[in-house]
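J.: The structure that follows is given in the form of C-alpha cells.
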Amino acid sequence: MQTSTVILFLLAMCVVVYNLGRKRSQVLGQRIGGYSLLHSLPRHYGYMAAAWAAIPAIVVLILAMSFEERWLAGMVAEQLPPEARELPADKFGLYYNQVLGYAQGMVGAEQLDATQVAAGDYYRRLADRFASAKAALAFLAALVGAIFAIRHISPAVRARNHVEGIIRWVLFGCSFLAVLTTLGIVLSVLFEAIQFFKIIPLSEFLFGLEWSPQMAIRADQVAASGSFGFIPLLVGTLLISAVAMLISVPIGLMSAIYLSEYATNRFRAVTKPVLEILAGVPTVVYGFFAALTVAPFIRELGESIGLSVASESALAAGIVMGIMIIPFVMSLSDDIINAVPDSLREASLGMGATMNETIRKVLLPAALPGIVGGILLAVSRAIGETMIVVMAAGLSAKLTANPLEAVTTITVQIVTLLVGDQEFDSPKTLAAFALGLVLFFVTLLLNVIALYVVRRYREQYD
Amino acid sequence: MNTMTATMDGATDNQRESDTAEKAPLDIRDHGDVGDYETIGEPFVDNAKMSARTVNVHYGDKQAIKDVSLDIGENEVIAMIGPSGCGKSTFLRTLNRMNDIIPGCRVEGEITLDNEDIYAGNQDTVLLRARVGMVFQKPNPFPKSIYENVAYGPRIHGLAHTKAEMDGIVEKSLQRAGLFEEVKDQLDKPGTGLSGGQQQRLCIARAIAVSPEVILMDEPCSALDPIATARIEELIDELREKYTIAIVTHSMQQAARVSQRTAYFHLGKLIEVGETKEIFTNPRHQLTENYITGRFG
C-alpha cells in the first residue's frame with residue numbers, strides 16, 4: 001500500500017473518530033443533564049479523539065520511513081554473495097545502486113548479473129512486505145489511540161485545554177522546522193566551505209586581490225593560476241549594489257512620500273498596483289533590458305563626452321537593478337509612512353508647519369525604523385541578484401571602483417562555478433560554498449547594522 | 001426621514017419640537033437635510049477676536065455645519081457642547097482651517113480673525129495656524145524629546161535666533177503650561193514617556209510656544225483622569241489672561257467650570273448660545289435643556 005493511500009485512509013479514520021468522540025460526549029452530556037455540564041464543547045471532545053488517533057499513527061509512519069532504507073539495505077546485503085559483500089565501499093555503492101535501480105524498474109535485468117537480479121527481486125518482495133506492515137502498524141496505532149481516547153471521554157476531561165495544547169505543539173513544531181532547515185542549509189554550506197579552506201588558506205581567500213578560479217586538471221596544464229582572492233568579487237558586488245541603491249532609495253522613498261501624502265486616492269489606487277506589477281517582472285527580463293538597451297546607451301553617452309565605457313558595465317547593471325528595486329522600496333515605505341498616526345500629522349500641521357516640514361521633521365523620523373528595514377531588504381535583494389549582473393555586468397573579476405568598467409559579483413561567480421561539470425574535491429567547485437558562506441555573513445552583518453541604526457534613531461510613537 | 005427635519009422648519013415650530021422631543025426618542029446622530037433655523041441667544045459680542053458668519057461645512061454630500069454665526073470674544077473661554085456628531089469639532093476646525101486637509105471638505109461663509117477673512121485667497125494657513133493654535137483630543141506629542149516638542153513651532157516659524165533664545169521660549173512655554181517644574185531635569189527625555197496629563201500639558205506648551213492669539217481645544221481632557229483634568233482646567237483659566245480660547249467638550253461640568261460663554265450645537269446647527277451661567281441655569285431651547293439635564297446625548 002502506498003504511503004499516500006495510508007495517509008488518506010488515516011484522514012478518513014480521523015473524521016470518523018471525530019464524530020464518534022463528539023457523539024459520545026453528547027450522550028454523556030445528556031445522561032448527566034445537559035451539554036453545559038460537560039467541561040468542554042462536544043466538538044472539543046471530537047478534536048481530542050481525532051488527535052489521539054492521528055498522532056500515534058503519524059509517529060509510527062515517520063519512524064518506519066526513517067528506518068525503511070537502512071533496514072532494507074541491511075536485509076538485502078545479507079542475501080548477497082560474499083564476493084559482492086567484500087567489494088570496496090565505492091564499488092559496492094555502485095553495485096547496490098544497480099540492484100535498487102532494477103528493483104524500482106529503472107534498469108533492465110539484461111544489464112545486470114544474476115546475483116543482482118536475485119537481490120533486486122528479494123528487495124522488491126521485502127519492500128512490499130514492509131509497506132504492508134507499516135500500513136497495518138499505523139492503522140493499529142490509530143485504532144488504539146482512538147479507542148483509548150473515546151473510552152477516556154468523560155464530563156470531567158478538559159478536552160478544550162487538551163486541544164489547545166496540541167495546537168500549541170503543532171505550531172511549535174512548524175517554527176522549529178523552519179529554524180532547523182535554515183540551520184541545515186548554513187551547516188551544509190559551512191562544511192563544504194571548510195573543505196575549501198583546507199586547500200586554500202582563509203587569509204588568501206579573504207585578502208587576496210585576484211580571482212581566477214581555473215584549476216589545472218593535469219599537472220602540465222598552463223593558464224591555470226587558481227587564485228581565490230574574493231576581494232574583487234566583494235568590491236564588484238558592493239559597487240553594483242551601491243549604484244542600485246543610489247537609484248532606488250531616493251526615487252522609491254520620494255514616490256512613496258508622494259503617494260501617501262499628496263496623491264489623491266484615485267491616483268494611488270491606480271499607481272500602486274501598477275508599480276507592484278513592475279516588481280513582479282522576472283529579473284531575466286530586466287537583464288536583457290540592461291544588456292541590450294541600457295548598457296549600449298550608457299556606452300554611447302560616455303563616448304559622446306569622451307569617457308571610455310565598457311560595453312558591459314557595473315553602471316548599467318546597477319541602474320537596471322535599481323529600477324527593479326524601486327517598486328519594492330516604494331511599496332514598503334508607503335505602507336510604513338501610512339502607518340504613522342494621523343494625530344502626528346495634525347499636530348504638526350496645526351502648528352503651522354508646511355506639508356514638507358511635516359514630512360521631513362515628523363513623518364520620516366517616526367517612520368525611520370521601518371524605512372531602514374525596507375531599505376535593508378532592498379540591499380539584500382541587490383546583493384543576492386544574479387541574472388541582471390550575469391547579462392549586463394560581465395564575468396571579469398576586475399578590482400576597480402570605477403562603475404564604467406565591467407565587474408562581477410559573488411552570486412554570478414557562484415553560478416559560473418557550479419554550472420557545467422563539477423567535481424566536489426576541486427577547490428574550483430568548493431569555492432562556491434565559501435562564497436555562499438561569505439554572502440551569508442555579509443547579509444547577517446547588514447542586519448546587525450540595521451538593527452543598531454533602528455534602535456539608535458527610532459522615535460517611538462505609540 | 002424623520003420628524004426632526006419637519007419640526008425644525010421655522011422658529012414657530014419650537015413648541016411642537018419640544019413636545020415631540022419628549023415623546024419620540026431622537027436619533028441624535030442622524031444628519032441629512034438640515035433646515036432653516038434661528039439661533040437662540042446672542043451669538044455676537046462687542047470685542048470679537050474671531051467671527052463666523054453663516055458658515056456652512058460640507059463633507060462631500062453631507063452637510064456637517066448649517067448657517068452657524070458666532071463670535072469669539074477677546075480673552076474669553078467659549079465652550080462648545082452638544083451630542084456626538086453635532087458639528088462642534090468641525091466648527092472648531094474651520095477656525096484654523098484644519099479641515100483643509102480633509103479631502104472633500106467644503107467651507108462656505110465668512111470667518112474672520114481680527115476682521116481679516118481667514119479663507120481669503122491671499123491668506124496663508126502657515127501664518128493663520130501660528131496665530132490660531134490647536135490642542136487635540138488625544139495627547140499627540142511628537143516622538144521627540146520634551147525640549148524638541150516645544151521648540152518645534154518656534155523653529156518652524158523662525159522665532160528664535162540663538163540657542164539661548166530658544167531655551168527661553170521653551171522654558172517660558174513649559175512654565176505657562178504648568179509643566180516646567182515636573183520636567184526641568186528631563187528635557188531631553190522623549191515626550192511620549194510622560195503620563196497622559198503631562199503629555200497634554202506638553203501639547204499645550206507646544207501650542208503656546210509660538211505665541212498664538214487663539215487656542216482651539218478639541219476635547220482636551222477626554223483621555224485624562226480627573227486629577228489631570230482638574231490640572232488642565234486650572235491651566236485654561238490661567239491662560240485666559242493672555243489668550244482667547246475655544247474649547248469643545250463633552251463634559252457639562254467642564255464647560256460650566258472653565259467657560260464664560262457656552263454654545264450648544266445640535267445636528268450641525270448652533271441652537272443656543274449665551275452666558276455659561278444662563279445656559280446651565282436657564283436654558284431657553286428645549287434641545288439645550290434636554291442635553292444639559294442629561295435626557296439624551
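By convention in this document, the chains of the C-alpha cells carry letters A, B, ... by their order, each chain's residues are numbered from 1, and ligands are numbered from 1 in the order they are shown.
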Do you have, as a tab-separated table, the list of residues of chain B lying at most 9 Å from chain A, each with its nearest atom pair and that distance in Å to one decimal, counting only C-alpha atoms and ordered by chain then number?
T.:
```
residue	atom	partner	partner_atom	distance
B:Asn96	CA	A:Gly350	CA	7.9
B:Arg97	CA	A:Gly350	CA	8.9
B:Met98	CA	A:Gly350	CA	6.8
B:Ile101	CA	A:Glu346	CA	8.8
B:Pro103	CA	A:Thr264	CA	8.5
B:Thr125	CA	A:Gly352	CA	6.7
B:Val126	CA	A:Gly352	CA	4.2
B:Leu127	CA	A:Gly352	CA	6.5
B:Leu128	CA	A:Gly352	CA	7.3
B:Arg129	CA	A:Gly352	CA	4.6
B:Ala130	CA	A:Gly352	CA	5.3
B:Arg131	CA	A:Gly352	CA	8.7
B:Val132	CA	A:Gly350	CA	8.5
B:Gly133	CA	A:Met351	CA	6.3
B:Met134	CA	A:Gly350	CA	6.0
B:Val135	CA	A:Ala347	CA	7.9
B:Phe136	CA	A:Ala347	CA	7.7
B:Lys138	CA	A:Ser343	CA	7.9
B:Pro139	CA	A:Ser343	CA	8.6
B:Asn140	CA	A:Ser343	CA	6.0
B:Pro141	CA	A:Leu344	CA	7.4
B:Phe142	CA	A:Leu344	CA	6.4
B:Pro143	CA	A:Glu459	CA	4.9
B:Lys144	CA	A:Glu459	CA	6.3
B:Tyr152	CA	A:Met351	CA	8.4
B:Gly153	CA	A:Met351	CA	5.9
B:Ile156	CA	A:Ala353	CA	6.4
B:His157	CA	A:Gly352	CA	8.0
B:Pro190	CA	A:Glu459	CA	8.3
B:Thr192	CA	A:Tyr461	CA	7.1
B:Cys203	CA	A:Ala347	CA	8.6
B:Arg206	CA	A:Met351	CA	8.3
B:Ala207	CA	A:Met351	CA	6.7
B:Val210	CA	A:Met351	CA	8.1
```
J.: Write out as a JSON list (two decimals) with C-alpha atoms, in the first residue's frame the residues lying within 12 Å of Arg85 (chain A), counting only C-alpha atoms and excluding same-chain residues fewer than 6 positions away.
T.:
```json
[["chain", "number", "residue", "atom", "x", "y", "z"],
["A", 73, "ALA", "CA", 19.69, -2.38, 2.75],
["A", 74, "GLY", "CA", 20.85, -4.50, 5.67],
["A", 76, "VAL", "CA", 19.41, -7.29, 1.12],
["A", 77, "ALA", "CA", 23.15, -7.16, 1.87],
["A", 78, "GLU", "CA", 22.85, -10.32, 3.93],
["A", 79, "GLN", "CA", 21.40, -12.14, 0.92],
["A", 91, "LYS", "CA", 32.30, -0.24, -5.86],
["A", 92, "PHE", "CA", 29.74, -1.74, -3.52],
["A", 93, "GLY", "CA", 27.75, 1.51, -3.70],
["A", 95, "TYR", "CA", 26.66, -2.44, -7.27],
["A", 96, "TYR", "CA", 23.91, -1.81, -4.75],
["A", 115, "THR", "CA", 23.08, -12.16, -8.23],
["A", 116, "GLN", "CA", 21.93, -8.60, -8.71]]
```
J.: Using backbone DSSP assignments, extract all strand (DSSP E) residues from region 66-274 of chain B; output them as a PyMOL selection string.
T.: chain B and resi 66-73+77-81+105-113+116-117+132-135+214-218+244-248+261-266+269-274
J.: Got a sec to tell me which of region 3-169 of chain A DSSP assigns to alpha helix (DSSP H), as a ChimeraX atom specification?
T.: /A:3-32,42-79,82-85,89-103,114-152,159-169
J.: To one decimal place in Å, what is the distance between CA of Val59 (chain A) and CA of Ala141 (chain A)?
T.: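 Between these atoms lies a distance of 9.0 Å.
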J.: What gap, in Å, lies between CA of Ala291 (chain A) and CA of Val235 (chain A)?
T.: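 Atom-to-atom, CA of Ala291 (chain A) and CA of Val235 (chain A) are spaced 21.0 Å apart.
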